[in-house]
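Enquirer: File input04.pdb below, PDB, C-alpha atoms and all ligand atoms:
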MODEL        1
ATOM      1  CA  MET G   1     -38.977   2.636 -62.280  1.00  0.00           C
ATOM      2  CA  ASP G   2     -36.815   4.899 -64.429  1.00  0.00           C
ATOM      3  CA  SER G   3     -39.376   6.591 -66.570  1.00  0.00           C
ATOM      4  CA  ASN G   4     -37.225   9.389 -67.968  1.00  0.00           C
ATOM      5  CA  PRO G   5     -37.202   8.865 -71.737  1.00  0.00           C
ATOM      6  CA  SER G   6     -34.208  11.159 -72.211  1.00  0.00           C
ATOM      7  CA  SER G   7     -31.990   8.923 -70.080  1.00  0.00           C
ATOM      8  CA  PRO G   8     -29.108   7.234 -71.882  1.00  0.00           C
ATOM      9  CA  PRO G   9     -29.448   3.444 -71.977  1.00  0.00           C
ATOM     10  CA  SER G  10     -27.906   1.669 -68.982  1.00  0.00           C
ATOM     11  CA  PRO G  11     -24.502   0.129 -69.667  1.00  0.00           C
ATOM     12  CA  ARG G  12     -24.100  -3.626 -70.035  1.00  0.00           C
ATOM     13  CA  PRO G  13     -23.223  -5.357 -66.750  1.00  0.00           C
ATOM     14  CA  VAL G  14     -19.588  -5.642 -65.819  1.00  0.00           C
ATOM     15  CA  TYR G  15     -18.839  -8.545 -63.503  1.00  0.00           C
ATOM     16  CA  LEU G  16     -16.599  -8.020 -60.509  1.00  0.00           C
ATOM     17  CA  PRO G  17     -13.017  -9.026 -61.247  1.00  0.00           C
ATOM     18  CA  GLU G  18     -11.559 -11.936 -59.240  1.00  0.00           C
ATOM     19  CA  GLY G  19      -9.596 -11.167 -56.094  1.00  0.00           C
ATOM     20  CA  ASN G  20      -9.845  -9.221 -52.887  1.00  0.00           C
ATOM     21  CA  HIS G  21     -11.598  -5.926 -53.123  1.00  0.00           C
ATOM     22  CA  GLN G  22     -12.267  -3.098 -50.791  1.00  0.00           C
ATOM     23  CA  ARG G  23     -16.039  -2.685 -50.959  1.00  0.00           C
ATOM     24  CA  VAL G  24     -17.144   0.812 -50.182  1.00  0.00           C
ATOM     25  CA  LYS G  25     -20.679   2.113 -49.837  1.00  0.00           C
ATOM     26  CA  LEU G  26     -21.025   5.761 -50.783  1.00  0.00           C
ATOM     27  CA  LEU G  27     -23.981   8.134 -50.869  1.00  0.00           C
ATOM     28  CA  VAL G  28     -24.703  10.562 -53.668  1.00  0.00           C
ATOM     29  CA  ALA G  29     -26.682  13.340 -52.030  1.00  0.00           C
ATOM     30  CA  GLY G  30     -27.884  16.838 -52.723  1.00  0.00           C
ATOM     31  CA  PRO G  31     -31.036  18.891 -53.129  1.00  0.00           C
ATOM     32  CA  LEU G  32     -33.803  18.382 -55.676  1.00  0.00           C
ATOM     33  CA  GLY G  33     -32.729  18.191 -59.299  1.00  0.00           C
ATOM     34  CA  VAL G  34     -29.007  18.682 -58.714  1.00  0.00           C
ATOM     35  CA  GLY G  35     -28.018  15.661 -60.825  1.00  0.00           C
ATOM     36  CA  LYS G  36     -27.781  12.731 -58.362  1.00  0.00           C
ATOM     37  CA  THR G  37     -29.603  10.198 -60.551  1.00  0.00           C
ATOM     38  CA  THR G  38     -27.697  11.417 -63.607  1.00  0.00           C
ATOM     39  CA  ALA G  39     -24.336  10.991 -61.848  1.00  0.00           C
ATOM     40  CA  ILE G  40     -25.124   7.418 -60.780  1.00  0.00           C
ATOM     41  CA  LYS G  41     -26.265   6.514 -64.301  1.00  0.00           C
ATOM     42  CA  THR G  42     -23.104   8.045 -65.722  1.00  0.00           C
ATOM     43  CA  LEU G  43     -20.788   6.246 -63.326  1.00  0.00           C
ATOM     44  CA  SER G  44     -22.302   2.799 -62.902  1.00  0.00           C
ATOM     45  CA  GLN G  45     -20.856  -0.193 -64.702  1.00  0.00           C
ATOM     46  CA  ILE G  46     -24.004  -2.214 -64.086  1.00  0.00           C
ATOM     47  CA  PRO G  47     -27.577  -1.385 -65.073  1.00  0.00           C
ATOM     48  CA  THR G  48     -28.698   1.069 -62.439  1.00  0.00           C
ATOM     49  CA  LEU G  49     -31.691   0.839 -60.159  1.00  0.00           C
ATOM     50  CA  HIS G  50     -33.854   3.924 -59.935  1.00  0.00           C
ATOM     51  CA  THR G  51     -37.028   4.787 -58.121  1.00  0.00           C
ATOM     52  CA  ASP G  52     -38.003   7.829 -60.136  1.00  0.00           C
ATOM     53  CA  GLU G  53     -41.673   8.657 -60.349  1.00  0.00           C
ATOM     54  CA  VAL G  54     -43.472  11.164 -62.536  1.00  0.00           C
ATOM     55  CA  MET G  55     -44.007  14.528 -60.879  1.00  0.00           C
ATOM     56  CA  THR G  56     -47.684  15.376 -61.031  1.00  0.00           C
ATOM     57  CA  ASP G  57     -49.544  18.655 -60.566  1.00  0.00           C
ATOM     58  CA  ALA G  58     -49.631  17.826 -56.856  1.00  0.00           C
ATOM     59  CA  ALA G  59     -45.930  18.709 -56.718  1.00  0.00           C
ATOM     60  CA  ALA G  60     -46.464  22.154 -58.260  1.00  0.00           C
ATOM     61  CA  GLY G  61     -45.330  24.811 -55.834  1.00  0.00           C
ATOM     62  CA  THR G  62     -43.429  22.219 -53.794  1.00  0.00           C
ATOM     63  CA  ASP G  63     -40.937  20.747 -56.259  1.00  0.00           C
ATOM     64  CA  ASP G  64     -40.518  23.748 -58.527  1.00  0.00           C
ATOM     65  CA  LEU G  65     -37.895  22.957 -61.137  1.00  0.00           C
ATOM     66  CA  SER G  66     -38.922  25.671 -63.576  1.00  0.00           C
ATOM     67  CA  LEU G  67     -37.027  28.164 -61.435  1.00  0.00           C
ATOM     68  CA  ILE G  68     -33.767  26.390 -62.230  1.00  0.00           C
ATOM     69  CA  GLY G  69     -34.363  25.820 -65.909  1.00  0.00           C
ATOM     70  CA  LEU G  70     -35.350  22.156 -65.548  1.00  0.00           C
ATOM     71  CA  ARG G  71     -38.831  22.457 -67.027  1.00  0.00           C
ATOM     72  CA  ASN G  72     -38.267  19.234 -68.967  1.00  0.00           C
ATOM     73  CA  LYS G  73     -37.491  17.204 -65.855  1.00  0.00           C
ATOM     74  CA  THR G  74     -40.606  15.123 -65.392  1.00  0.00           C
ATOM     75  CA  THR G  75     -39.550  12.651 -62.712  1.00  0.00           C
ATOM     76  CA  THR G  76     -38.032  12.715 -59.256  1.00  0.00           C
ATOM     77  CA  THR G  77     -36.366  10.069 -57.106  1.00  0.00           C
ATOM     78  CA  VAL G  78     -38.678   8.918 -54.333  1.00  0.00           C
ATOM     79  CA  ALA G  79     -36.479   6.315 -52.624  1.00  0.00           C
ATOM     80  CA  ILE G  80     -33.004   5.441 -53.916  1.00  0.00           C
ATOM     81  CA  ASP G  81     -30.764   5.169 -56.941  1.00  0.00           C
ATOM     82  CA  PHE G  82     -28.211   2.373 -56.979  1.00  0.00           C
ATOM     83  CA  GLY G  83     -25.164   1.670 -59.109  1.00  0.00           C
ATOM     84  CA  ARG G  84     -21.801  -0.028 -58.848  1.00  0.00           C
ATOM     85  CA  LEU G  85     -18.368   0.562 -60.288  1.00  0.00           C
ATOM     86  CA  THR G  86     -14.831  -0.694 -59.832  1.00  0.00           C
ATOM     87  CA  LEU G  87     -12.203   2.008 -59.677  1.00  0.00           C
ATOM     88  CA  PRO G  88      -9.210   1.855 -62.028  1.00  0.00           C
ATOM     89  CA  GLY G  89      -6.758  -0.681 -60.565  1.00  0.00           C
ATOM     90  CA  ASP G  90      -9.560  -3.196 -59.799  1.00  0.00           C
ATOM     91  CA  ARG G  91      -9.013  -2.959 -56.048  1.00  0.00           C
ATOM     92  CA  VAL G  92     -11.831  -0.742 -54.832  1.00  0.00           C
ATOM     93  CA  VAL G  93     -15.480  -1.484 -55.636  1.00  0.00           C
ATOM     94  CA  LEU G  94     -17.897   1.349 -55.016  1.00  0.00           C
ATOM     95  CA  TYR G  95     -21.575   0.851 -54.305  1.00  0.00           C
ATOM     96  CA  LEU G  96     -23.369   4.112 -55.002  1.00  0.00           C
ATOM     97  CA  TYR G  97     -26.622   4.942 -53.254  1.00  0.00           C
ATOM     98  CA  GLY G  98     -28.482   8.045 -54.373  1.00  0.00           C
ATOM     99  CA  THR G  99     -30.682   9.722 -51.799  1.00  0.00           C
ATOM    100  CA  PRO G 100     -33.928  11.572 -52.531  1.00  0.00           C
ATOM    101  CA  GLY G 101     -33.596  15.344 -52.678  1.00  0.00           C
ATOM    102  CA  GLN G 102     -36.691  16.515 -50.823  1.00  0.00           C
ATOM    103  CA  ARG G 103     -37.007  17.079 -47.088  1.00  0.00           C
ATOM    104  CA  ARG G 104     -40.239  15.047 -46.942  1.00  0.00           C
ATOM    105  CA  PHE G 105     -38.221  11.917 -47.771  1.00  0.00           C
ATOM    106  CA  LEU G 106     -35.860  12.480 -44.846  1.00  0.00           C
ATOM    107  CA  PRO G 107     -37.050   9.372 -42.928  1.00  0.00           C
ATOM    108  CA  LEU G 108     -35.561   7.252 -45.724  1.00  0.00           C
ATOM    109  CA  TRP G 109     -32.119   8.645 -45.063  1.00  0.00           C
ATOM    110  CA  GLU G 110     -31.432   6.506 -41.990  1.00  0.00           C
ATOM    111  CA  GLY G 111     -31.767   3.270 -43.917  1.00  0.00           C
ATOM    112  CA  ILE G 112     -29.953   4.440 -47.001  1.00  0.00           C
ATOM    113  CA  ALA G 113     -27.049   5.930 -45.059  1.00  0.00           C
ATOM    114  CA  THR G 114     -26.415   2.925 -42.809  1.00  0.00           C
ATOM    115  CA  GLY G 115     -22.949   1.523 -43.465  1.00  0.00           C
ATOM    116  CA  ALA G 116     -21.920   4.309 -45.836  1.00  0.00           C
ATOM    117  CA  LEU G 117     -18.307   5.376 -45.665  1.00  0.00           C
ATOM    118  CA  GLY G 118     -18.806   8.794 -47.204  1.00  0.00           C
ATOM    119  CA  ALA G 119     -20.996  10.995 -49.357  1.00  0.00           C
ATOM    120  CA  LEU G 120     -20.633  12.929 -52.567  1.00  0.00           C
ATOM    121  CA  VAL G 121     -22.707  16.066 -52.114  1.00  0.00           C
ATOM    122  CA  LEU G 122     -23.710  17.585 -55.423  1.00  0.00           C
ATOM    123  CA  VAL G 123     -24.133  21.337 -55.354  1.00  0.00           C
ATOM    124  CA  ASP G 124     -25.797  23.654 -57.851  1.00  0.00           C
ATOM    125  CA  THR G 125     -24.183  27.075 -57.473  1.00  0.00           C
ATOM    126  CA  ARG G 126     -27.382  28.781 -58.657  1.00  0.00           C
ATOM    127  CA  ARG G 127     -29.020  27.736 -55.375  1.00  0.00           C
ATOM    128  CA  MET G 128     -26.225  26.973 -52.984  1.00  0.00           C
ATOM    129  CA  ASP G 129     -28.345  27.635 -49.905  1.00  0.00           C
ATOM    130  CA  GLU G 130     -30.346  24.463 -50.635  1.00  0.00           C
ATOM    131  CA  SER G 131     -27.229  22.359 -50.069  1.00  0.00           C
ATOM    132  CA  PHE G 132     -26.633  23.309 -46.448  1.00  0.00           C
ATOM    133  CA  GLU G 133     -29.349  21.085 -45.051  1.00  0.00           C
ATOM    134  CA  VAL G 134     -27.875  18.045 -46.795  1.00  0.00           C
ATOM    135  CA  MET G 135     -24.352  18.879 -45.637  1.00  0.00           C
ATOM    136  CA  ASP G 136     -25.672  19.311 -42.083  1.00  0.00           C
ATOM    137  CA  LEU G 137     -27.355  15.895 -42.204  1.00  0.00           C
ATOM    138  CA  ILE G 138     -24.141  14.277 -43.343  1.00  0.00           C
ATOM    139  CA  GLU G 139     -22.012  16.103 -40.798  1.00  0.00           C
ATOM    140  CA  GLU G 140     -24.432  15.073 -38.025  1.00  0.00           C
ATOM    141  CA  ARG G 141     -23.840  11.456 -39.004  1.00  0.00           C
ATOM    142  CA  GLY G 142     -20.073  12.039 -38.853  1.00  0.00           C
ATOM    143  CA  LEU G 143     -19.719  10.986 -42.488  1.00  0.00           C
ATOM    144  CA  PRO G 144     -16.798  12.348 -44.494  1.00  0.00           C
ATOM    145  CA  TYR G 145     -17.927  14.003 -47.709  1.00  0.00           C
ATOM    146  CA  ALA G 146     -16.679  15.607 -50.865  1.00  0.00           C
ATOM    147  CA  VAL G 147     -18.486  18.352 -52.723  1.00  0.00           C
ATOM    148  CA  GLY G 148     -19.050  18.060 -56.456  1.00  0.00           C
ATOM    149  CA  VAL G 149     -20.146  21.325 -58.008  1.00  0.00           C
ATOM    150  CA  ASN G 150     -22.379  20.245 -60.878  1.00  0.00           C
ATOM    151  CA  ILE G 151     -22.023  22.894 -63.556  1.00  0.00           C
ATOM    152  CA  PHE G 152     -25.147  23.885 -65.471  1.00  0.00           C
ATOM    153  CA  PRO G 153     -25.024  26.174 -68.545  1.00  0.00           C
ATOM    154  CA  ASP G 154     -26.054  29.268 -66.606  1.00  0.00           C
ATOM    155  CA  SER G 155     -24.136  28.475 -63.413  1.00  0.00           C
ATOM    156  CA  PRO G 156     -22.165  31.472 -62.147  1.00  0.00           C
ATOM    157  CA  ASP G 157     -18.438  31.031 -62.645  1.00  0.00           C
ATOM    158  CA  TYR G 158     -17.012  30.998 -59.108  1.00  0.00           C
ATOM    159  CA  ASP G 159     -13.407  30.556 -58.166  1.00  0.00           C
ATOM    160  CA  LEU G 160     -13.015  27.336 -56.128  1.00  0.00           C
ATOM    161  CA  SER G 161     -11.582  29.130 -53.095  1.00  0.00           C
ATOM    162  CA  LEU G 162     -14.573  31.501 -53.062  1.00  0.00           C
ATOM    163  CA  LEU G 163     -16.928  28.527 -53.348  1.00  0.00           C
ATOM    164  CA  ARG G 164     -15.132  26.820 -50.468  1.00  0.00           C
ATOM    165  CA  SER G 165     -15.720  29.804 -48.266  1.00  0.00           C
ATOM    166  CA  LYS G 166     -19.337  30.318 -49.424  1.00  0.00           C
ATOM    167  CA  LEU G 167     -20.070  26.667 -48.630  1.00  0.00           C
ATOM    168  CA  ASP G 168     -18.131  26.955 -45.370  1.00  0.00           C
ATOM    169  CA  LEU G 169     -16.159  23.776 -46.061  1.00  0.00           C
ATOM    170  CA  ALA G 170     -13.444  22.374 -43.814  1.00  0.00           C
ATOM    171  CA  PRO G 171      -9.984  22.738 -45.370  1.00  0.00           C
ATOM    172  CA  ASP G 172      -9.655  18.984 -45.976  1.00  0.00           C
ATOM    173  CA  THR G 173     -13.094  18.545 -47.614  1.00  0.00           C
ATOM    174  CA  PRO G 174     -12.471  17.808 -51.305  1.00  0.00           C
ATOM    175  CA  LEU G 175     -14.162  20.290 -53.632  1.00  0.00           C
ATOM    176  CA  VAL G 176     -14.278  19.565 -57.353  1.00  0.00           C
ATOM    177  CA  THR G 177     -16.323  20.797 -60.269  1.00  0.00           C
ATOM    178  CA  CYS G 178     -18.030  18.195 -62.413  1.00  0.00           C
ATOM    179  CA  ASP G 179     -20.650  17.598 -65.046  1.00  0.00           C
ATOM    180  CA  ALA G 180     -22.826  14.753 -63.822  1.00  0.00           C
ATOM    181  CA  ARG G 181     -23.432  13.727 -67.448  1.00  0.00           C
ATOM    182  CA  GLN G 182     -19.717  13.225 -68.147  1.00  0.00           C
ATOM    183  CA  ARG G 183     -18.081  10.059 -66.899  1.00  0.00           C
ATOM    184  CA  GLU G 184     -14.504  11.342 -66.584  1.00  0.00           C
ATOM    185  CA  SER G 185     -15.492  14.398 -64.636  1.00  0.00           C
ATOM    186  CA  SER G 186     -17.898  12.510 -62.343  1.00  0.00           C
ATOM    187  CA  LEU G 187     -15.229   9.889 -61.751  1.00  0.00           C
ATOM    188  CA  LYS G 188     -12.782  12.587 -60.680  1.00  0.00           C
ATOM    189  CA  ALA G 189     -15.254  13.722 -58.020  1.00  0.00           C
ATOM    190  CA  LEU G 190     -15.830  10.164 -56.873  1.00  0.00           C
ATOM    191  CA  ILE G 191     -12.136   9.351 -56.633  1.00  0.00           C
ATOM    192  CA  ALA G 192     -11.599  12.481 -54.512  1.00  0.00           C
ATOM    193  CA  LEU G 193     -14.389  11.308 -52.210  1.00  0.00           C
ATOM    194  CA  THR G 194     -13.156   7.721 -52.028  1.00  0.00           C
ATOM    195  CA  ALA G 195      -9.618   8.752 -51.108  1.00  0.00           C
ATOM    196  CA  HIS G 196     -10.987  11.124 -48.473  1.00  0.00           C
ATOM    197  CA  SER G 197     -13.418   8.529 -47.038  1.00  0.00           C
ATOM    198  CA  ILE G 198     -10.866   5.727 -46.878  1.00  0.00           C
ATOM    199  CA  ALA G 199      -8.326   8.049 -45.263  1.00  0.00           C
ATOM    200  CA  ALA G 200     -10.937   9.181 -42.725  1.00  0.00           C
ATOM    201  CA  ALA G 201     -12.056   5.632 -41.935  1.00  0.00           C
ATOM    202  CA  GLY G 202      -8.546   4.230 -41.706  1.00  0.00           C
ATOM    203  CA  ALA G 203      -7.668   1.243 -43.867  1.00  0.00           C
ATOM    204  CA  GLY G 204      -8.831  -1.242 -41.199  1.00  0.00           C
ATOM    205  CA  ALA G 205     -12.388   0.069 -41.197  1.00  0.00           C
ATOM    206  CA  VAL G 206     -12.967  -0.687 -44.873  1.00  0.00           C
ATOM    207  CA  ALA G 207     -14.686  -4.019 -45.386  1.00  0.00           C
ATOM    208  CA  SER G 208     -12.781  -6.293 -47.710  1.00  0.00           C
TER
HETATM  209  N1  LIG G 301     -26.491  21.009 -67.939  1.00  0.00           N
HETATM  210  C1  LIG G 301     -26.440  20.029 -67.078  1.00  0.00           C
HETATM  211  N2  LIG G 301     -27.572  19.336 -66.864  1.00  0.00           N
HETATM  212  C2  LIG G 301     -27.521  18.346 -65.967  1.00  0.00           C
HETATM  213  C3  LIG G 301     -26.351  18.036 -65.268  1.00  0.00           C
HETATM  214  N3  LIG G 301     -26.598  17.030 -64.401  1.00  0.00           N
HETATM  215  C4  LIG G 301     -27.905  16.728 -64.566  1.00  0.00           C
HETATM  216  N4  LIG G 301     -28.450  17.496 -65.510  1.00  0.00           N
HETATM  217  C5  LIG G 301     -29.816  17.467 -65.951  1.00  0.00           C
HETATM  218  O1  LIG G 301     -30.561  17.914 -64.831  1.00  0.00           O
HETATM  219  C6  LIG G 301     -31.737  17.155 -64.699  1.00  0.00           C
HETATM  220  C7  LIG G 301     -31.870  16.666 -63.273  1.00  0.00           C
HETATM  221  O2  LIG G 301     -31.045  15.593 -63.050  1.00  0.00           O
HETATM  222  P1  LIG G 301     -31.402  14.379 -62.058  1.00  0.00           P
HETATM  223  O3  LIG G 301     -30.215  13.485 -62.180  1.00  0.00           O
HETATM  224  O4  LIG G 301     -32.739  13.811 -62.288  1.00  0.00           O
HETATM  225  O5  LIG G 301     -31.407  15.117 -60.660  1.00  0.00           O
HETATM  226  P2  LIG G 301     -31.649  14.471 -59.236  1.00  0.00           P
HETATM  227  O6  LIG G 301     -30.734  15.179 -58.305  1.00  0.00           O
HETATM  228  O7  LIG G 301     -31.572  12.993 -59.269  1.00  0.00           O
HETATM  229  O8  LIG G 301     -33.150  14.935 -58.989  1.00  0.00           O
HETATM  230  P3  LIG G 301     -34.166  14.429 -57.850  1.00  0.00           P
HETATM  231  O9  LIG G 301     -34.100  12.953 -57.753  1.00  0.00           O
HETATM  232  O10 LIG G 301     -35.505  14.905 -58.382  1.00  0.00           O
HETATM  233  O11 LIG G 301     -33.774  15.148 -56.605  1.00  0.00           O
HETATM  234  C8  LIG G 301     -31.695  16.069 -65.759  1.00  0.00           C
HETATM  235  O12 LIG G 301     -32.520  16.479 -66.820  1.00  0.00           O
HETATM  236  C9  LIG G 301     -30.257  16.051 -66.202  1.00  0.00           C
HETATM  237  O13 LIG G 301     -30.091  15.718 -67.560  1.00  0.00           O
HETATM  238  C10 LIG G 301     -25.170  18.794 -65.555  1.00  0.00           C
HETATM  239  O14 LIG G 301     -24.092  18.563 -65.023  1.00  0.00           O
HETATM  240  N5  LIG G 301     -25.270  19.765 -66.462  1.00  0.00           N
HETATM  241 MG    MG G 302     -32.932  11.604 -58.673  1.00  0.00          MG
ENDMDL
END
Translate the structure of the given file into structure tokens.
Ligand SMILES: Nc1nc2c(ncn2[C@@H]2O[C@H](COP(=O)(O)OP(=O)(O)OP(=O)(O)O)[C@@H](O)[C@H]2O)c(=O)[nH]1
Ligand SMILES: [Mg+2]
Expert:
Amino acid sequence: MDSNPSSPPSPRPVYLPEGNHQRVKLLVAGPLGVGKTTAIKTLSQIPTLHTDEVMTDAAAGTDDLSLIGLRNKTTTTVAIDFGRLTLPGDRVVLYLYGTPGQRRFLPLWEGIATGALGALVLVDTRRMDESFEVMDLIEERGLPYAVGVNIFPDSPDYDLSLLRSKLDLAPDTPLVTCDARQRESSLKALIALTAHSIAAAGAGAVAS
């Protein structure tokens, strides 16, 4: 499954605390190599499930990561990532489902997205245009989403209001910068999404 040797070890499992919880299914979406698998590994309190496979020569010219400085990335997600975490306060449990980044895996989306309350769309500002298709898919499903701008070392330094307009986001769509490798910053993006999704769904629509 997860064959990336540079991955940090998965955390030890954390059992769900007693009591009533709001259980929320969220998607982590975005184009190829934007940091979806990394974010789920960073955030999950249980050992994560991954379906990463080694990219072979057959992917050359199709999944070209050298253009974005990810020459060392040797695997790609071919089905889902899965992780779980309980938000501070122990009331809301998030089930995180990572989607594959390539258009050819689009048929998998239907299954993965069923029952999701919202999506965190990760964006790489070096190739923002690749994010529109994912945002369109999510909007077509009527899913609320938040945008997490995953900062890479050579990412251009955009002002958030400029980014909002470049990404053509609705005024109430949360937009936060994050580093998918850093727990605190990824959590900030996830909390923004959760608040937005629960507000959009209305408290009654959240399974408990
Ligand atoms: N500098 C930097 N590198 C990152 C960040 N997030 C992820 N990476 C690196 O980028 C690479 C790609 O991350 P993945 O998490 O595999 O990306 P993905 O979106 O799951 O990729 P696919 O499943 O192939 O679509 C990994 O080598 C990460 O270590 C980030 O915030 N900053
Ligand atoms: Mg992945």
Enquirer: Restricting the calculation to only C-alpha atoms and all ligand atoms: of G:Val134, G:Ala79, G:Ala119, G:Leu96, which residue gets closest to ligand LIG 301 (chain G)?
Expert: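 The closest residue to ligand LIG 301 (chain G) is G:Ala79.
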Enquirer: For atom CA of Glu53 of chain G and atom CA of Thr77 of chain G, quote the distance in Å rounded to one decimal.
Expert: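 Atom CA of Glu53 of chain G sits 6.4 Å away from atom CA of Thr77 of chain G.
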Enquirer: Identify all residues satisfying the PyMOL selection byres (((not hetatm)) within 8 of (chain G and resi 301)) in the given file; provide them as JSON, numbers by chain.
Expert: {"G": [6, 7, 29, 30, 31, 32, 33, 34, 35, 36, 37, 38, 39, 52, 70, 72, 73, 75, 76, 77, 78, 98, 99, 100, 101, 102, 122, 150, 151, 152, 153, 178, 179, 180, 181, 182]}
Enquirer: Determine, counting all atoms listed in the file, which protein, DNA and RNA residues have an atom within 12 Å of an atom of Met128 of chain G; residues of the same chain fewer than 2 positions away are not included. Present the result as a PDB file with C-alpha atoms, in the frame of the given file.
Expert:
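selection32.pdb, freshly written:
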ATOM      1  CA  GLY G  30     -27.884  16.838 -52.723  1.00  0.00           C
ATOM      2  CA  PRO G  31     -31.036  18.891 -53.129  1.00  0.00           C
ATOM      3  CA  LEU G  32     -33.803  18.382 -55.676  1.00  0.00           C
ATOM      4  CA  VAL G  34     -29.007  18.682 -58.714  1.00  0.00           C
ATOM      5  CA  ILE G  68     -33.767  26.390 -62.230  1.00  0.00           C
ATOM      6  CA  VAL G 121     -22.707  16.066 -52.114  1.00  0.00           C
ATOM      7  CA  LEU G 122     -23.710  17.585 -55.423  1.00  0.00           C
ATOM      8  CA  VAL G 123     -24.133  21.337 -55.354  1.00  0.00           C
ATOM      9  CA  ASP G 124     -25.797  23.654 -57.851  1.00  0.00           C
ATOM     10  CA  THR G 125     -24.183  27.075 -57.473  1.00  0.00           C
ATOM     11  CA  ARG G 126     -27.382  28.781 -58.657  1.00  0.00           C
ATOM     12  CA  GLU G 130     -30.346  24.463 -50.635  1.00  0.00           C
ATOM     13  CA  SER G 131     -27.229  22.359 -50.069  1.00  0.00           C
ATOM     14  CA  PHE G 132     -26.633  23.309 -46.448  1.00  0.00           C
ATOM     15  CA  GLU G 133     -29.349  21.085 -45.051  1.00  0.00           C
ATOM     16  CA  VAL G 134     -27.875  18.045 -46.795  1.00  0.00           C
ATOM     17  CA  MET G 135     -24.352  18.879 -45.637  1.00  0.00           C
ATOM     18  CA  VAL G 147     -18.486  18.352 -52.723  1.00  0.00           C
ATOM     19  CA  GLY G 148     -19.050  18.060 -56.456  1.00  0.00           C
ATOM     20  CA  VAL G 149     -20.146  21.325 -58.008  1.00  0.00           C
ATOM     21  CA  ASN G 150     -22.379  20.245 -60.878  1.00  0.00           C
ATOM     22  CA  SER G 155     -24.136  28.475 -63.413  1.00  0.00           C
ATOM     23  CA  PRO G 156     -22.165  31.472 -62.147  1.00  0.00           C
ATOM     24  CA  TYR G 158     -17.012  30.998 -59.108  1.00  0.00           C
ATOM     25  CA  LEU G 163     -16.928  28.527 -53.348  1.00  0.00           C
ATOM     26  CA  ARG G 164     -15.132  26.820 -50.468  1.00  0.00           C
ATOM     27  CA  SER G 165     -15.720  29.804 -48.266  1.00  0.00           C
ATOM     28  CA  LYS G 166     -19.337  30.318 -49.424  1.00  0.00           C
ATOM     29  CA  LEU G 167     -20.070  26.667 -48.630  1.00  0.00           C
ATOM     30  CA  ASP G 168     -18.131  26.955 -45.370  1.00  0.00           C
TER      31      ASP G 168
END
Enquirer: Point out the residue among G:Leu190, G:Ile46, G:Leu27, G:Leu85 with the least atom-to-atom distance to Ile112 of chain G, counting only C-alpha atoms.
Expert: G:Leu27
Enquirer: By how many Å are atom CA of Lys41 of chain G and atom CA of Ala170 of chain G apart?
Expert: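 Pair atom CA of Lys41 of chain G / atom CA of Ala170 of chain G returns 28.9 Å.
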Enquirer: Considering all atoms listed in the file, state which residue in the set G:Leu94, G:His50, G:Trp109, G:Asp154 is at the smallest distance from Ala195 of chain G.
Expert: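 Checking each of G:Leu94, G:His50, G:Trp109, G:Asp154 against Ala195 of chain G, counting all atoms listed in the file, the winner is G:Leu94.
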Enquirer: Let me make sure I understand: among G:Leu87, G:Leu49, G:Val176, G:Leu16, which one has the smallest atom-to-atom distance to ligand MG 302 (chain G) if we use all atoms listed in the file?
Expert: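 Of the candidates, the smallest distance to ligand MG 302 (chain G) is held by G:Leu49.
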Enquirer: One decimal, Å: what's the distance from atom CA of Leu143 of chain G over to atom CA of Ala201 of chain G, could you say?
Expert: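 These atoms are spaced 9.4 Å apart.
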Enquirer: Smallest atom-to-atom distance to ligand MG 302 (chain G): which of G:Thr56, G:Thr74, G:Thr114, G:Ser44, using only C-alpha atoms and all ligand atoms?
Expert: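 Of all the options, G:Thr74 lies closest to ligand MG 302 (chain G).
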Enquirer: Taking all atoms of segment 138-152 of chain G that the file lists and extending 8 Å past them on each side, where is the centre of the axis-aligned box and how long are its edges? Answer in Å to one decimal, as AutoDock Vina command-line options.
Expert:
--center_x -20.9 --center_y 17.4 --center_z -51.7 --size_x 24.5 --size_y 28.9 --size_z 43.4
